[in-house]
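So this block is final13.txt, compact mmCIF, C-alpha atoms and all ligand atoms:
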```
# COMPACT_ATOMS: atom_id res chain seq x y z
CA LEU N 126 -12.51 123.96 22.78
CA PRO N 127 -9.91 121.13 22.63
CA GLN N 128 -7.16 123.72 23.12
CA ILE N 129 -9.04 125.29 26.03
CA ALA N 130 -9.49 121.84 27.64
CA GLU N 131 -5.74 121.34 27.31
CA LEU N 132 -4.99 124.67 28.98
CA ILE N 133 -7.37 123.89 31.85
CA GLY N 134 -5.64 120.52 32.28
CA LEU N 135 -2.19 122.17 32.34
CA ASN N 136 -3.39 124.49 35.07
CA ARG N 137 -4.76 121.56 37.11
CA ASN N 138 -1.73 119.31 36.56
CA GLU N 139 -4.14 116.65 35.30
CA PRO N 140 -5.69 116.14 31.86
CA TYR N 141 -9.14 117.71 31.53
CA ALA N 142 -11.35 115.74 29.15
CA LEU N 143 -12.77 117.66 26.20
CA GLN N 144 -16.12 115.93 26.80
CA THR N 145 -16.25 117.39 30.32
CA LEU N 146 -15.84 120.89 28.90
CA LEU N 147 -18.41 120.22 26.16
CA ASP N 148 -20.93 118.98 28.74
CA PHE N 149 -20.23 121.95 30.98
CA GLU N 150 -20.79 124.38 28.13
CA GLU N 151 -23.92 122.63 26.88
CA LYS N 152 -25.56 122.23 30.28
CA PHE N 153 -24.52 125.50 31.90
CA PRO N 154 -27.68 126.75 33.69
CA ALA N 155 -29.52 129.47 31.79
CA ALA N 156 -30.08 131.40 35.03
CA GLY N 157 -26.32 131.71 35.61
CA SER N 158 -23.91 133.87 33.65
CA LYS N 159 -20.60 133.02 31.97
CA ARG N 160 -18.22 134.62 29.51
CA MET N 161 -15.16 132.91 28.04
CA LEU N 162 -12.42 134.79 26.24
CA VAL N 163 -9.34 133.54 24.42
CA ALA N 164 -6.19 135.14 23.05
CA GLU N 165 -5.00 133.43 19.89
CA GLN N 166 -1.79 133.48 17.93
CA GLU N 167 -1.79 131.95 14.47
CA GLY N 168 -4.87 129.92 15.33
CA GLU N 169 -3.46 128.62 18.62
CA VAL N 170 -5.17 129.50 21.92
CA VAL N 171 -2.36 130.94 24.04
CA CYS N 172 -4.41 132.41 26.89
CA TRP N 173 -7.88 131.54 28.16
CA GLY N 174 -10.10 133.31 30.65
CA ARG N 175 -13.57 132.81 32.11
CA THR N 176 -15.81 134.77 34.44
CA MET N 177 -18.92 133.06 35.75
CA ARG N 178 -21.70 133.17 38.27
CA MET N 179 -23.91 130.19 39.11
CA PRO N 180 -27.67 130.81 39.65
CA HIS N 181 -27.39 130.50 43.46
CA ASP N 182 -24.37 132.80 43.77
CA ALA N 183 -24.87 136.32 45.11
CA PRO N 184 -25.50 138.79 42.23
CA GLU N 185 -22.12 140.49 42.79
CA HIS N 186 -20.17 137.18 42.83
CA ARG N 187 -17.91 136.11 39.95
CA GLN N 188 -15.49 133.16 39.76
CA ILE N 189 -12.56 134.13 37.58
CA ASP N 190 -10.13 131.78 35.83
CA VAL N 191 -7.14 132.73 33.71
CA ALA N 192 -4.50 130.42 32.19
CA SER N 193 -1.71 131.16 29.70
CA LEU N 194 0.43 128.61 27.89
CA PRO N 195 3.81 128.46 29.71
CA ALA N 196 5.68 129.80 26.65
CA PHE N 197 3.37 132.83 26.54
CA ARG N 198 3.73 133.95 30.16
CA GLN N 199 5.45 137.18 31.31
CA LYS N 200 4.24 138.98 28.17
CA GLY N 201 1.32 140.91 29.66
CA LEU N 202 -1.30 138.53 28.24
CA GLY N 203 -2.55 137.35 31.65
CA THR N 204 -2.85 140.95 32.86
CA ALA N 205 -4.84 141.98 29.79
CA MET N 206 -7.10 138.94 30.19
CA LEU N 207 -7.64 139.44 33.94
CA GLU N 208 -8.36 143.15 33.55
CA THR N 209 -10.85 142.46 30.75
CA LEU N 210 -12.63 139.82 32.86
CA VAL N 211 -12.74 142.13 35.90
CA GLY N 212 -14.16 144.86 33.65
CA ILE N 213 -17.05 142.59 32.59
CA GLY N 214 -18.59 142.99 36.04
CA GLY N 215 -19.03 141.67 39.55
CA GLU N 216 -17.84 143.30 42.77
CA SER N 217 -16.90 140.14 44.68
CA LEU N 218 -14.36 138.21 42.64
CA LYS N 219 -12.91 134.81 43.49
CA ALA N 220 -10.01 132.86 42.02
CA ASN N 221 -8.20 129.61 42.82
CA VAL N 222 -4.43 129.28 42.34
CA ARG N 223 -2.16 126.31 43.02
CA ASP N 224 -0.27 126.74 46.27
CA ASP N 225 3.04 125.71 44.67
CA ASP N 226 2.72 128.18 41.77
CA ALA N 227 4.53 131.21 43.22
CA GLU N 228 4.46 133.10 39.92
CA SER N 229 0.66 132.87 39.52
CA LEU N 230 0.10 133.70 43.20
CA ARG N 231 2.25 136.83 42.85
CA PHE N 232 0.28 137.69 39.70
CA VAL N 233 -3.19 137.57 41.29
CA GLU N 234 -2.00 139.19 44.53
CA ARG N 235 -0.50 142.07 42.54
CA HIS N 236 -3.99 142.52 41.11
CA GLY N 237 -5.52 142.93 44.56
CA PHE N 238 -6.68 139.37 45.29
CA VAL N 239 -6.22 138.26 48.91
CA ARG N 240 -5.84 134.66 50.16
CA TYR N 241 -8.67 133.52 52.42
CA ARG N 242 -8.69 129.75 52.25
CA HIS N 243 -6.28 126.86 51.69
CA LEU N 244 -7.35 123.56 50.14
CA PHE N 245 -5.18 120.48 50.54
CA GLU N 246 -5.19 118.09 47.61
CA SER N 247 -4.39 114.39 47.92
CA ARG N 248 -4.56 111.32 45.74
CA LEU N 249 -5.00 107.61 46.35
CA ASN N 250 -3.31 105.11 44.04
CA LEU N 251 -6.05 102.57 43.25
CA GLU N 252 -3.53 99.99 42.07
CA THR N 253 -1.88 99.75 45.49
CA VAL N 254 -4.77 100.63 47.82
CA ASP N 255 -5.24 98.41 50.89
CA LEU N 256 -8.41 96.50 49.94
CA ASP N 257 -8.73 94.83 53.36
CA LEU N 258 -8.88 98.23 55.01
CA LEU N 259 -11.72 99.24 52.67
CA TRP N 260 -13.73 96.07 53.31
CA GLN N 261 -13.23 96.37 57.07
CA ALA N 262 -14.55 99.96 57.02
CA ILE N 263 -17.63 98.96 55.00
CA ASP N 264 -18.22 95.82 57.06
CA ARG N 265 -17.94 97.67 60.39
CA ALA N 266 -20.53 100.26 59.35
CA GLU N 267 -22.91 97.59 57.98
CA GLN N 268 -22.59 95.56 61.20
CA SER N 269 -23.67 98.66 63.12
CA GLY N 270 -26.93 98.77 61.13
CA VAL N 271 -26.06 101.19 58.32
CA ARG N 272 -27.32 100.28 54.85
CA PHE N 273 -25.47 101.44 51.72
CA PHE N 274 -26.91 101.80 48.23
CA SER N 275 -26.45 104.04 45.22
CA PHE N 276 -28.81 106.65 43.85
CA ALA N 277 -29.13 104.43 40.74
CA GLU N 278 -30.89 101.87 42.97
CA THR N 279 -33.61 104.35 43.94
CA ALA N 280 -36.60 105.47 41.83
CA MET N 281 -34.46 108.49 40.78
CA ASP N 282 -37.70 110.48 40.64
CA SER N 283 -38.29 113.95 41.95
CA GLU N 284 -38.80 112.74 45.53
CA ALA N 285 -35.53 110.76 45.45
CA LYS N 286 -33.71 113.79 43.99
CA ARG N 287 -35.10 115.94 46.80
CA ARG N 288 -33.83 113.45 49.39
CA LEU N 289 -30.39 113.42 47.73
CA TRP N 290 -30.30 117.23 47.76
CA SER N 291 -31.42 117.25 51.36
CA VAL N 292 -28.70 114.91 52.70
CA ASN N 293 -26.12 116.75 50.60
CA SER N 294 -27.07 120.25 51.66
CA ILE N 295 -27.84 119.59 55.34
CA SER N 296 -24.62 117.61 55.95
CA ASN N 297 -22.71 120.38 54.14
CA LEU N 298 -23.92 123.22 56.37
CA ASP N 299 -20.90 123.10 58.68
CA GLN N 300 -18.18 122.17 56.19
CA PRO N 301 -15.23 124.47 56.99
CA GLY N 302 -14.83 127.18 54.35
CA GLN N 303 -18.32 126.77 52.91
CA ASP N 304 -19.60 130.28 53.42
CA GLU N 305 -21.24 130.62 49.99
CA PRO N 306 -25.05 130.78 49.53
CA LYS N 307 -26.52 127.31 48.98
CA PRO N 308 -28.51 126.45 45.84
CA THR N 309 -32.27 125.93 46.03
CA PHE N 310 -33.47 122.44 45.09
CA GLU N 311 -34.30 123.59 41.54
CA ASP N 312 -30.90 125.27 41.02
CA TRP N 313 -29.12 122.28 42.54
CA CYS N 314 -30.86 119.93 40.06
CA THR N 315 -29.60 122.07 37.14
CA ILE N 316 -26.01 122.01 38.35
CA VAL N 317 -25.91 118.46 39.77
CA THR N 318 -28.47 115.88 38.62
CA ASP N 319 -28.84 117.44 35.13
CA ALA N 320 -25.07 117.94 34.68
CA GLY N 321 -23.13 115.84 32.17
CA TRP N 322 -20.78 114.48 34.86
CA PHE N 323 -23.59 113.19 37.14
CA GLU N 324 -23.42 109.39 37.54
CA PRO N 325 -26.34 108.01 39.59
CA ALA N 326 -24.34 104.87 40.50
CA ALA N 327 -21.50 107.06 41.82
CA GLN N 328 -23.76 108.79 44.36
CA ILE N 329 -23.48 106.41 47.29
CA LEU N 330 -25.94 106.78 50.12
CA ALA N 331 -25.96 105.62 53.74
CA ALA N 332 -29.29 104.98 55.46
CA VAL N 333 -30.25 104.16 59.03
CA GLY N 334 -33.77 102.74 58.94
CA ASP N 335 -35.55 104.86 56.35
CA GLU N 336 -33.47 107.99 56.90
CA TRP N 337 -30.75 108.92 54.41
CA VAL N 338 -27.93 109.98 56.74
CA GLY N 339 -24.84 110.24 54.54
CA LEU N 340 -23.63 110.71 50.98
CA GLY N 341 -20.35 109.88 49.26
CA ALA N 342 -20.25 111.20 45.69
CA VAL N 343 -17.50 110.54 43.15
CA GLY N 344 -17.13 111.47 39.48
CA THR N 345 -14.67 111.58 36.62
CA PHE N 346 -13.33 114.47 34.56
CA SER N 347 -10.38 112.75 32.88
CA PRO N 348 -9.86 109.19 31.65
CA ALA N 349 -8.89 106.62 34.32
CA ARG N 350 -9.08 109.19 37.12
CA TYR N 351 -11.85 109.70 39.59
CA TYR N 352 -12.52 112.53 41.98
CA ASN N 353 -14.17 112.60 45.42
CA LEU N 354 -16.83 115.21 44.76
CA TYR N 355 -18.36 115.26 48.22
CA THR N 356 -18.64 113.25 51.42
CA GLY N 357 -21.05 114.28 54.14
CA VAL N 358 -22.83 112.74 57.11
CA LEU N 359 -25.71 114.27 59.10
CA LYS N 360 -24.49 115.54 62.48
CA PRO N 361 -26.25 113.03 64.78
CA TYR N 362 -24.66 110.13 62.86
CA ARG N 363 -21.03 111.33 62.82
CA GLY N 364 -18.14 109.54 64.53
CA ARG N 365 -19.54 106.07 63.70
CA GLY N 366 -17.33 105.35 60.69
CA ILE N 367 -20.05 106.16 58.11
CA ALA N 368 -17.96 108.64 56.11
CA THR N 369 -15.01 106.24 56.07
CA ALA N 370 -17.27 103.48 54.69
CA LEU N 371 -18.81 105.86 52.10
CA LYS N 372 -15.32 106.80 50.93
CA ALA N 373 -14.31 103.12 50.79
CA LEU N 374 -17.38 102.39 48.63
CA GLY N 375 -16.53 105.34 46.35
CA ILE N 376 -13.02 103.99 45.95
CA ARG N 377 -14.36 100.50 45.12
CA TYR N 378 -16.75 102.06 42.58
CA ALA N 379 -13.94 104.04 40.89
CA GLN N 380 -11.87 100.82 40.72
CA SER N 381 -14.81 99.00 39.12
CA ARG N 382 -14.88 101.71 36.43
CA GLY N 383 -11.20 101.08 35.62
CA ALA N 384 -9.79 104.14 37.39
CA THR N 385 -6.19 104.03 38.55
CA SER N 386 -6.40 106.95 40.98
CA ILE N 387 -8.87 109.03 42.93
CA ARG N 388 -8.23 112.60 44.04
CA THR N 389 -9.75 114.92 46.58
CA ASN N 390 -9.55 118.53 47.80
CA ASN N 391 -10.21 119.38 51.41
CA ASP N 392 -10.16 122.54 53.43
CA SER N 393 -7.02 122.77 55.58
CA GLN N 394 -9.32 123.11 58.62
CA ASN N 395 -11.41 119.99 57.96
CA ALA N 396 -9.72 117.78 60.57
CA PRO N 397 -12.14 114.77 60.39
CA MET N 398 -11.98 114.52 56.59
CA LEU N 399 -8.20 114.91 56.51
CA SER N 400 -7.93 112.19 59.16
CA ILE N 401 -10.12 109.79 57.12
CA ASN N 402 -8.05 110.42 53.97
CA ARG N 403 -4.76 109.82 55.77
CA ARG N 404 -6.06 106.55 57.20
CA LEU N 405 -7.22 105.33 53.77
CA GLY N 406 -3.77 106.06 52.31
CA TYR N 407 -4.34 109.29 50.31
CA GLN N 408 -0.98 110.96 49.59
CA PRO N 409 -0.61 114.76 49.81
CA LEU N 410 -0.18 116.79 46.59
CA PRO N 411 0.22 120.52 46.02
CA GLY N 412 -3.08 122.20 46.89
CA TRP N 413 -4.90 125.44 46.13
CA TYR N 414 -5.33 128.89 47.62
CA SER N 415 -8.72 130.53 47.24
CA LEU N 416 -8.36 134.27 46.84
CA LYS N 417 -10.90 137.07 46.69
CA LYS N 418 -11.01 140.68 45.61
CA GLU N 419 -13.76 143.06 46.69
CA ILE N 420 -14.39 146.00 44.39
CA SER N 421 -15.97 149.03 46.01
CA LEU N 422 -18.27 151.01 43.74
CA ALA N 423 -18.82 153.65 46.44
CA SER N 424 -16.18 156.18 45.39
C1 LIG J 501 -16.22 114.99 57.52
C2 LIG J 501 -17.42 114.07 57.81
C3 LIG J 501 -17.99 113.58 56.49
C4 LIG J 501 -16.98 112.88 58.66
O1 LIG J 501 -18.09 112.00 58.86
P1 LIG J 501 -18.09 110.82 59.97
O2 LIG J 501 -19.12 109.83 59.58
O3 LIG J 501 -18.16 111.43 61.31
O4 LIG J 501 -16.64 110.20 59.75
P2 LIG J 501 -16.05 108.85 60.38
O5 LIG J 501 -16.79 108.51 61.61
O6 LIG J 501 -15.96 107.83 59.32
O7 LIG J 501 -14.55 109.27 60.69
C5 LIG J 501 -14.27 110.47 61.37
C6 LIG J 501 -12.79 110.50 61.66
O8 LIG J 501 -12.41 111.84 61.97
C7 LIG J 501 -11.72 111.87 63.20
N1 LIG J 501 -11.99 113.16 63.80
C8 LIG J 501 -13.17 113.66 64.18
N2 LIG J 501 -13.00 114.91 64.68
C9 LIG J 501 -11.69 115.19 64.58
C10 LIG J 501 -10.89 116.29 64.91
N3 LIG J 501 -11.42 117.40 65.42
N4 LIG J 501 -9.55 116.22 64.69
C11 LIG J 501 -9.00 115.12 64.12
N5 LIG J 501 -9.72 114.02 63.78
C12 LIG J 501 -11.05 114.07 64.02
C13 LIG J 501 -12.30 110.73 63.96
O9 LIG J 501 -11.42 110.33 64.99
C14 LIG J 501 -12.44 109.67 62.88
O10 LIG J 501 -11.20 109.07 62.58
P3 LIG J 501 -10.88 107.56 63.08
O11 LIG J 501 -11.94 106.69 62.48
O12 LIG J 501 -9.52 107.30 62.54
O13 LIG J 501 -10.96 107.65 64.57
C15 LIG J 501 -18.52 114.85 58.61
O14 LIG J 501 -17.90 115.50 59.69
C16 LIG J 501 -19.26 115.89 57.79
O15 LIG J 501 -20.28 115.58 57.16
N6 LIG J 501 -18.80 117.15 57.79
C17 LIG J 501 -19.45 118.23 56.98
C18 LIG J 501 -19.25 118.02 55.49
C19 LIG J 501 -17.77 117.98 55.15
O16 LIG J 501 -16.97 118.75 55.68
N7 LIG J 501 -17.43 117.10 54.23
C20 LIG J 501 -16.08 116.96 53.76
C21 LIG J 501 -15.86 117.71 52.54
S1 LIG J 501 -15.98 116.76 51.10
```

For this file, write the structure as structure tokens.
Ligand SMILES: CC(C)(COP(=O)(O)OP(=O)(O)OC[C@H]1O[C@@H](n2cnc3c(N)ncnc32)[C@H](O)[C@@H]1OP(=O)(O)O)[C@@H](O)C(=O)NCCC(=O)NCCS
Amino acid sequence: LPQIAELIGLNRNEPYALQTLLDFEEKFPAAGSKRMLVAEQEGEVVCWGRTMRMPHDAPEHRQIDVASLPAFRQKGLGTAMLETLVGIGGESLKANVRDDDAESLRFVERHGFVRYRHLFESRLNLETVDLDLLWQAIDRAEQSGVRFFSFAETAMDSEAKRRLWSVNSISNLDQPGQDEPKPTFEDWCTIVTDAGWFEPAAQILAAVGDEWVGLGAVGTFSPARYYNLYTGVLKPYRGRGIATALKALGIRYAQSRGATSIRTNNDSQNAPMLSINRRLGYQPLPGWYSLKKEISLAS
């Protein structure tokens, strides 16, 4: 597993903590399905592949990942791995490839995957972030009557979890590019609140009166780096600076945990989110293409 974590990190251009992989393996929902394969040479993992389906995914859906060590590319390993994973099953296959990795894009496209979505990635340096800008954003929202608190400050019982799920899933309904089936409350608990990465204090909520109207969630997968997992605001409350304040609070939280950067991925068509990130000082990085391959069993 340490070698697999290293390969995943190489593919993401950012270290991937072994603990994150261990937690993922240990807590993977029983109702989902997952197979991992490796190619080894003299005890070293030189190629890794995974095919998986979460419980809420359509039965035919599979997310496929393949990564070879740079020195072991162009030797047919990736092809053998991909073909084996495709052969395991699933008729609607998805893969994500970095948009600046022409070789890997050519590889998956040669195997019949087609681009359908572009994610922009960006990162904020927490050592140089404009703190005044963050405080102003939080202050402005609070002055307008919005209250902010973390999930850790709630009872964290089943009712609170249901409210968290609700604000997450309802605000997410019109996120550009989110055409996948949504998890039920029970499935969502297995993949979110029961997951190893879930930090109650990093789930920041916005409320107006008693209603939870927005959520800004952050988390960490590698030392000293945080990730913006999700930001969403219920439709009637948008355009009032709530998401900007939630992001500012997430940034402050990551700083308080000793992080030096925070990263995010956003659909190229998500104009409001991209505008918020630009204003807070996030700097563009290479992003990702999502690709899919439909396999017809009809013939
Ligand atoms: C993205 C989202 C969280 C923004 O919430 P919000 O509370 O309305 O955000 P704010 O009011 O803080 O800021 C919105 C910004 O987007 C800008 N904006 C809104 N629509 C825009 C558009 N079509 N084009 C460009 N900018 C736009 C606003 O001008 C504002 O920027 P400003 O403060 O510099 O003027 C909300 O639209 C949402 O929940 N969408 C669905 C979930 C989603 O897509 N989440 C992001 C993925 S993690």

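If you measure from each of N:Ala320, N:Ala285, N:Arg377, N:Leu244 to ligand LIG 501 (chain J) using all atoms listed in the file, the closest one turns out to be N:Leu244.
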
Grab the atom CA of Leu371 of chain N to atom CA of Leu399 of chain N distance for me, in Å with one decimal place. 14.6 Å

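Atom pair atom CA of Asn293 of chain N / atom CA of Ala220 of chain N: separated by 24.3 Å.
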
Dump the neighbourhood of ligand LIG 501 (chain J) as a PyMOL selection string: all residues within 7 Å, distances computed on all atoms listed in the file. chain N and resi 296-301+354-360+362-370+391+395-398+400-401+404

Please list as a PyMOL selection string every residue within 12 Å of Asp190 of chain N, counting all atoms listed in the file and excluding residues in the same chain fewer than 6 positions away. chain N and resi 129+132-133+136-137+159-163+172-178+203+206-211+218-222+229+233+415-416

Residue selection dump (C-alpha atoms) as a short mmCIF file (atom, residue, chain, number, x, y, z; two decimals), keeping the file's coordinate frame:
```cif
data_model
loop_
_atom_site.label_atom_id
_atom_site.label_comp_id
_atom_site.auth_asym_id
_atom_site.auth_seq_id
_atom_site.Cartn_x
_atom_site.Cartn_y
_atom_site.Cartn_z
CA ILE N 129 -9.04 125.29 26.03
CA LEU N 132 -4.99 124.67 28.98
CA ILE N 133 -7.37 123.89 31.85
CA ASN N 136 -3.39 124.49 35.07
CA ARG N 137 -4.76 121.56 37.11
CA LYS N 159 -20.60 133.02 31.97
CA ARG N 160 -18.22 134.62 29.51
CA MET N 161 -15.16 132.91 28.04
CA LEU N 162 -12.42 134.79 26.24
CA VAL N 163 -9.34 133.54 24.42
CA CYS N 172 -4.41 132.41 26.89
CA TRP N 173 -7.88 131.54 28.16
CA GLY N 174 -10.10 133.31 30.65
CA ARG N 175 -13.57 132.81 32.11
CA THR N 176 -15.81 134.77 34.44
CA MET N 177 -18.92 133.06 35.75
CA ARG N 178 -21.70 133.17 38.27
CA GLY N 203 -2.55 137.35 31.65
CA MET N 206 -7.10 138.94 30.19
CA LEU N 207 -7.64 139.44 33.94
CA GLU N 208 -8.36 143.15 33.55
CA THR N 209 -10.85 142.46 30.75
CA LEU N 210 -12.63 139.82 32.86
CA VAL N 211 -12.74 142.13 35.90
CA LEU N 218 -14.36 138.21 42.64
CA LYS N 219 -12.91 134.81 43.49
CA ALA N 220 -10.01 132.86 42.02
CA ASN N 221 -8.20 129.61 42.82
CA VAL N 222 -4.43 129.28 42.34
CA SER N 229 0.66 132.87 39.52
CA VAL N 233 -3.19 137.57 41.29
CA SER N 415 -8.72 130.53 47.24
CA LEU N 416 -8.36 134.27 46.84
#
```

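Going from atom CA of Ala280 of chain N over to atom CA of Thr318 of chain N, you cover 13.6 Å.
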
Residues at most 12 Å from Arg223 of chain N, counting all atoms listed in the file, excluding those fewer than 4 positions away in the same chain, as a VMD selection string? chain N and resid 135 to 138 192 227 to 231 233 240 242 to 246 390 410 to 416

Give me, as a PyMOL selection string, all polymer residues having an atom no more than 12 Å from Asp255 of chain N, counting only C-alpha atoms and skipping those fewer than 4 positions away in the same chain. chain N and resi 249-251+259-262+373+376-377+404-407

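With only C-alpha atoms as the atoms that count, the minimum distance from Met281 of chain N to the choices N:His186, N:Val171, N:Val191, N:Ala326 is reached by N:Ala326.
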
For C-alpha atoms, please extract segment 236-307 of chain N from the block and return it as a PDB file, in the first residue's frame.
```pdb
ATOM      1  CA  HIS N 236      -8.986   3.087 -25.745  1.00  0.00           C
ATOM      2  CA  GLY N 237     -12.308   4.679 -26.637  1.00  0.00           C
ATOM      3  CA  PHE N 238     -12.754   7.149 -23.761  1.00  0.00           C
ATOM      4  CA  VAL N 239     -14.273  10.499 -24.751  1.00  0.00           C
ATOM      5  CA  ARG N 240     -13.841  13.830 -22.924  1.00  0.00           C
ATOM      6  CA  TYR N 241     -17.063  15.220 -21.489  1.00  0.00           C
ATOM      7  CA  ARG N 242     -16.050  17.569 -18.710  1.00  0.00           C
ATOM      8  CA  HIS N 243     -13.158  19.856 -17.758  1.00  0.00           C
ATOM      9  CA  LEU N 244     -12.244  20.617 -14.156  1.00  0.00           C
ATOM     10  CA  PHE N 245     -10.057  23.613 -13.347  1.00  0.00           C
ATOM     11  CA  GLU N 246      -7.734  23.169 -10.392  1.00  0.00           C
ATOM     12  CA  SER N 247      -6.395  26.063  -8.336  1.00  0.00           C
ATOM     13  CA  ARG N 248      -4.465  26.537  -5.135  1.00  0.00           C
ATOM     14  CA  LEU N 249      -4.246  29.244  -2.498  1.00  0.00           C
ATOM     15  CA  ASN N 250      -0.968  29.843  -0.682  1.00  0.00           C
ATOM     16  CA  LEU N 251      -1.963  30.095   2.992  1.00  0.00           C
ATOM     17  CA  GLU N 252       1.304  31.787   3.926  1.00  0.00           C
ATOM     18  CA  THR N 253       0.594  34.814   1.731  1.00  0.00           C
ATOM     19  CA  VAL N 254      -3.223  34.898   1.739  1.00  0.00           C
ATOM     20  CA  ASP N 255      -4.862  38.305   2.277  1.00  0.00           C
ATOM     21  CA  LEU N 256      -6.245  37.894   5.817  1.00  0.00           C
ATOM     22  CA  ASP N 257      -8.117  41.222   5.745  1.00  0.00           C
ATOM     23  CA  LEU N 258     -10.050  40.075   2.705  1.00  0.00           C
ATOM     24  CA  LEU N 259     -11.078  36.904   4.568  1.00  0.00           C
ATOM     25  CA  TRP N 260     -12.216  38.773   7.681  1.00  0.00           C
ATOM     26  CA  GLN N 261     -14.146  41.315   5.597  1.00  0.00           C
ATOM     27  CA  ALA N 262     -16.006  38.502   3.795  1.00  0.00           C
ATOM     28  CA  ILE N 263     -16.916  36.787   7.088  1.00  0.00           C
ATOM     29  CA  ASP N 264     -17.822  40.069   8.780  1.00  0.00           C
ATOM     30  CA  ARG N 265     -20.039  41.219   5.901  1.00  0.00           C
ATOM     31  CA  ALA N 266     -22.043  37.980   5.946  1.00  0.00           C
ATOM     32  CA  GLU N 267     -22.387  38.034   9.751  1.00  0.00           C
ATOM     33  CA  GLN N 268     -23.562  41.670   9.663  1.00  0.00           C
ATOM     34  CA  SER N 269     -26.295  40.601   7.248  1.00  0.00           C
ATOM     35  CA  GLY N 270     -27.628  38.129   9.827  1.00  0.00           C
ATOM     36  CA  VAL N 271     -25.889  34.900   8.804  1.00  0.00           C
ATOM     37  CA  ARG N 272     -24.560  32.719  11.626  1.00  0.00           C
ATOM     38  CA  PHE N 273     -21.580  30.407  11.083  1.00  0.00           C
ATOM     39  CA  PHE N 274     -20.688  27.327  13.104  1.00  0.00           C
ATOM     40  CA  SER N 275     -19.096  23.947  12.520  1.00  0.00           C
ATOM     41  CA  PHE N 276     -20.734  20.543  12.564  1.00  0.00           C
ATOM     42  CA  ALA N 277     -18.580  19.774  15.643  1.00  0.00           C
ATOM     43  CA  GLU N 278     -20.620  22.413  17.508  1.00  0.00           C
ATOM     44  CA  THR N 279     -23.888  20.573  16.851  1.00  0.00           C
ATOM     45  CA  ALA N 280     -25.197  17.446  18.612  1.00  0.00           C
ATOM     46  CA  MET N 281     -23.679  15.428  15.706  1.00  0.00           C
ATOM     47  CA  ASP N 282     -26.566  12.991  16.161  1.00  0.00           C
ATOM     48  CA  SER N 283     -28.657  11.420  13.456  1.00  0.00           C
ATOM     49  CA  GLU N 284     -30.870  14.497  13.097  1.00  0.00           C
ATOM     50  CA  ALA N 285     -27.836  16.790  12.711  1.00  0.00           C
ATOM     51  CA  LYS N 286     -26.331  14.390  10.152  1.00  0.00           C
ATOM     52  CA  ARG N 287     -29.590  14.456   8.207  1.00  0.00           C
ATOM     53  CA  ARG N 288     -29.543  18.267   8.180  1.00  0.00           C
ATOM     54  CA  LEU N 289     -25.922  18.242   6.978  1.00  0.00           C
ATOM     55  CA  TRP N 290     -26.815  15.800   4.194  1.00  0.00           C
ATOM     56  CA  SER N 291     -29.810  17.889   3.291  1.00  0.00           C
ATOM     57  CA  VAL N 292     -27.956  21.210   2.875  1.00  0.00           C
ATOM     58  CA  ASN N 293     -25.188  19.399   1.004  1.00  0.00           C
ATOM     59  CA  SER N 294     -27.405  17.514  -1.415  1.00  0.00           C
ATOM     60  CA  ILE N 295     -30.024  20.223  -2.063  1.00  0.00           C
ATOM     61  CA  SER N 296     -27.440  22.964  -2.713  1.00  0.00           C
ATOM     62  CA  ASN N 297     -25.579  20.530  -4.990  1.00  0.00           C
ATOM     63  CA  LEU N 298     -28.542  19.798  -7.280  1.00  0.00           C
ATOM     64  CA  ASP N 299     -27.571  22.427  -9.862  1.00  0.00           C
ATOM     65  CA  GLN N 300     -23.780  22.205  -9.666  1.00  0.00           C
ATOM     66  CA  PRO N 301     -22.572  22.178 -13.294  1.00  0.00           C
ATOM     67  CA  GLY N 302     -21.355  18.732 -14.334  1.00  0.00           C
ATOM     68  CA  GLN N 303     -23.074  16.898 -11.477  1.00  0.00           C
ATOM     69  CA  ASP N 304     -25.219  14.527 -13.487  1.00  0.00           C
ATOM     70  CA  GLU N 305     -24.522  11.442 -11.362  1.00  0.00           C
ATOM     71  CA  PRO N 306     -27.192   9.799  -9.152  1.00  0.00           C
ATOM     72  CA  LYS N 307     -27.134  11.233  -5.618  1.00  0.00           C
TER      73      LYS N 307
END
```
